[in-house]
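Following: one structure in structure tokens, then a few remarks.
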Amino acid sequence: MHPTGCIRKAARQHKSAGKKRLPRKLAELQARPWRGVPAHAPLRVMFQDEARFGRIVDMRRCWCPRPLRPVCRAIVSRQYTYAYAAVSVDDGRLDTLVLPHVNAECMQLFVDELSRRHRSERVVLVLDGAGWHHQAALQWPPNVRPLQLPPYSPELNPVEHLWDELREKHFHNRFFDTLEEVEEHLADALAGLERDAQRVQSITAWPWIVDSLPN
């Protein structure tokens with residue numbers, strides 16, 4: 001078999017295995033004692049991811065009155081900022097931060113903020129295998145526990161669809177003079193999503209995830 005075919009086959013196997021193992025892994029984490037957290041504290045399952053946003057203009061088709069032709073300024077500037085997000089698919093709760101890098105230091109800031117916002121809950125944070133997500137690279141708060149997604153399976157993470165929503169609705173054909181403008185616009189767009197739980201839930205509440213959540 002061609003190497004590309006082997007990779008695709010492995011990805012399909014990892015994806016299928018990930019869907020099947022999620023209920024079991026969540027049950028194990030729920031049953032295991034949580035240090036310093038009451039056993040009766042509610043369990044919240046959240047999916048987490050990061051995305052890069054910058055000054056490179058995302059050019060797309062758009063409508064305008066005839067006979068005018070749309071004009072959009074364009075720039076190629078490799079300046080970026082990063083959005084961190086964690087979503088709870090059962091109720092559409094979304095927690096976000098805009099941070100300058102993707103590394104263990106920024107991830108620690110996000111995890112600590114997530115812990116603070118959900119101090120009365122037990123949070124299972126489902127994330128991919130990026131180096132800054134590894135348990136050894138972070139000091140995990142008592143009420144937050146990581147659960148790693150299978151490799152080669154970004155499509156198992158519903159947060160990816162939130163990034164698509166942001167880019168389509170808020171960033172196409174937009175020109176930013178500075179990176180600070182990107183950060184402000186991104187923060188406003190994320191805040192709008194945080195306030196719209198119904199919209200977030202409609203994008204991320206995939207049936208196989210909802211069916212896997214503990215009762």
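We label chains A, B, ... in the order they appear in the structure tokens, count residues from 1 in each chain, and number ligands from 1 in the order shown.
Here the DSSP assignment of alpha helix (DSSP H), based on backbone atoms, applies within segment 94-160 of chain A to Ala104, Glu105, Cys106, Met107, Gln108, Leu109, Phe110, Val111, Asp112, Glu113, Leu114, Ser115, Arg116, Arg117, Val159 and Glu160 of chain A.
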> Could you pull the residues within 10 Å of segment 24-41 of chain A, counting only C-alpha atoms, minus those fewer than 4 positions along the same chain, as a PyMOL selection string?
Replying inline: chain A and resi 18+20+45+119-124+126+141-147+212-215
>> Could you list, as a ChimeraX atom specification, every residue within 10 Å of Asp211 of chain A, counting only C-alpha atoms and ignoring same-chain residues fewer than 3 positions away?
In response: /A:22-23,90,205-208,214-215
>> Please list as a PyMOL selection string every residue within 10 Å of Gln198 of chain A, counting only C-alpha atoms and excluding residues in the same chain fewer than 4 positions away.
In response: chain A and resi 91-93+193-194+202-203
May I have the residues from that selection written out with all heavy atoms, as a PDB file, in the first residue's frame?
ATOM      1  N   ASP A  91     -24.223  22.375  26.647  1.00  0.00           N
ATOM      2  CA  ASP A  91     -24.980  23.606  26.904  1.00  0.00           C
ATOM      3  C   ASP A  91     -24.454  24.810  26.122  1.00  0.00           C
ATOM      4  O   ASP A  91     -24.963  25.922  26.279  1.00  0.00           O
ATOM      5  CB  ASP A  91     -24.989  23.934  28.402  1.00  0.00           C
ATOM      6  CG  ASP A  91     -23.591  24.158  28.970  1.00  0.00           C
ATOM      7  OD1 ASP A  91     -22.615  24.122  28.200  1.00  0.00           O
ATOM      8  OD2 ASP A  91     -23.482  24.363  30.200  1.00  0.00           O
ATOM      9  N   GLY A  92     -23.441  24.617  25.274  1.00  0.00           N
ATOM     10  CA  GLY A  92     -22.921  25.711  24.465  1.00  0.00           C
ATOM     11  C   GLY A  92     -22.055  26.701  25.211  1.00  0.00           C
ATOM     12  O   GLY A  92     -21.743  27.779  24.694  1.00  0.00           O
ATOM     13  N   ARG A  93     -21.611  26.358  26.416  1.00  0.00           N
ATOM     14  CA  ARG A  93     -20.736  27.258  27.176  1.00  0.00           C
ATOM     15  C   ARG A  93     -19.384  27.329  26.467  1.00  0.00           C
ATOM     16  O   ARG A  93     -18.774  26.314  26.146  1.00  0.00           O
ATOM     17  CB  ARG A  93     -20.563  26.737  28.607  1.00  0.00           C
ATOM     18  CG  ARG A  93     -19.501  27.462  29.435  1.00  0.00           C
ATOM     19  CD  ARG A  93     -19.875  28.914  29.728  1.00  0.00           C
ATOM     20  NE  ARG A  93     -18.814  29.614  30.432  1.00  0.00           N
ATOM     21  CZ  ARG A  93     -18.764  29.752  31.760  1.00  0.00           C
ATOM     22  NH1 ARG A  93     -19.703  29.205  32.525  1.00  0.00           N
ATOM     23  NH2 ARG A  93     -17.781  30.412  32.327  1.00  0.00           N
ATOM     24  N   LEU A 193     -19.536  35.170  20.388  1.00  0.00           N
ATOM     25  CA  LEU A 193     -19.817  33.731  20.441  1.00  0.00           C
ATOM     26  C   LEU A 193     -20.066  33.267  21.869  1.00  0.00           C
ATOM     27  O   LEU A 193     -20.941  32.430  22.112  1.00  0.00           O
ATOM     28  CB  LEU A 193     -18.650  32.949  19.838  1.00  0.00           C
ATOM     29  CG  LEU A 193     -18.644  32.716  18.326  1.00  0.00           C
ATOM     30  CD1 LEU A 193     -17.415  31.906  17.922  1.00  0.00           C
ATOM     31  CD2 LEU A 193     -19.908  32.000  17.867  1.00  0.00           C
ATOM     32  N   GLU A 194     -19.300  33.787  22.811  1.00  0.00           N
ATOM     33  CA  GLU A 194     -19.494  33.388  24.214  1.00  0.00           C
ATOM     34  C   GLU A 194     -20.906  33.733  24.692  1.00  0.00           C
ATOM     35  O   GLU A 194     -21.479  33.003  25.505  1.00  0.00           O
ATOM     36  CB  GLU A 194     -18.457  34.077  25.103  1.00  0.00           C
ATOM     37  CG  GLU A 194     -17.050  33.518  24.980  1.00  0.00           C
ATOM     38  CD  GLU A 194     -16.127  34.079  26.043  1.00  0.00           C
ATOM     39  OE1 GLU A 194     -16.617  34.815  26.927  1.00  0.00           O
ATOM     40  OE2 GLU A 194     -14.922  33.779  25.991  1.00  0.00           O
ATOM     41  N   SER A 202     -25.293  24.687  18.481  1.00  0.00           N
ATOM     42  CA  SER A 202     -25.728  24.179  17.182  1.00  0.00           C
ATOM     43  C   SER A 202     -24.547  23.777  16.306  1.00  0.00           C
ATOM     44  O   SER A 202     -24.671  22.911  15.440  1.00  0.00           O
ATOM     45  CB  SER A 202     -26.564  25.241  16.460  1.00  0.00           C
ATOM     46  OG  SER A 202     -25.770  26.336  16.041  1.00  0.00           O
ATOM     47  N   ILE A 203     -23.381  24.399  16.540  1.00  0.00           N
ATOM     48  CA  ILE A 203     -22.188  24.105  15.748  1.00  0.00           C
ATOM     49  C   ILE A 203     -21.417  22.917  16.313  1.00  0.00           C
ATOM     50  O   ILE A 203     -20.838  22.124  15.565  1.00  0.00           O
ATOM     51  CB  ILE A 203     -21.270  25.346  15.698  1.00  0.00           C
ATOM     52  CG1 ILE A 203     -21.974  26.497  14.974  1.00  0.00           C
ATOM     53  CG2 ILE A 203     -19.937  25.032  15.018  1.00  0.00           C
ATOM     54  CD1 ILE A 203     -21.237  27.817  15.058  1.00  0.00           C
TER      55      ILE A 203
END
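Note that the spacing between atom CA of Ser115 of chain A and atom CA of Met46 of chain A amounts to 11.8 Å.
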> Residues at most 12 Å from Ala130 of chain A, counting only C-alpha atoms, excluding those fewer than 6 positions away in the same chain, as a list of chain:residue names?
Replying inline: A:Gln48, A:Asp49, A:Glu50, A:Val102, A:Asn103, A:Ala104, A:Met107, A:Ala137, A:Gln148, A:Leu149, A:Pro150, A:Pro151, A:Tyr152, A:Pro154
>> Could you go through segment 17-202 of chain A and tell me which residues DSSP, when run on the backbone, assigns to strand (DSSP E), listing them as a VMD selection string?
In response: chain A and resid 43 to 54 80 to 88 93 to 99 122 to 127 144 to 148
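Distance-wise, atom CA of Arg52 of chain A and atom CA of His101 of chain A end up 9.0 Å apart.
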Find the residues around Leu162 of chain A up to 9 Å (only C-alpha atoms counted), leave out those fewer than 3 positions away in its own chain, and share them as a PDB file with C-alpha atoms, in the first residue's frame.
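The resulting around-v1.pdb:
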ATOM      1  CA  PRO A 158     -15.790  20.412  17.336  1.00  0.00           C
ATOM      2  CA  VAL A 159     -13.830  23.576  18.150  1.00  0.00           C
ATOM      3  CA  GLU A 165     -17.437  30.116  11.769  1.00  0.00           C
ATOM      4  CA  LEU A 166     -15.227  32.960  13.002  1.00  0.00           C
ATOM      5  CA  ARG A 167     -13.213  33.182   9.806  1.00  0.00           C
ATOM      6  CA  LEU A 193     -19.817  33.731  20.441  1.00  0.00           C
ATOM      7  CA  VAL A 200     -22.261  27.555  19.726  1.00  0.00           C
ATOM      8  CA  ILE A 203     -22.188  24.105  15.748  1.00  0.00           C
ATOM      9  CA  THR A 204     -20.503  21.807  18.271  1.00  0.00           C
TER      10      THR A 204
END
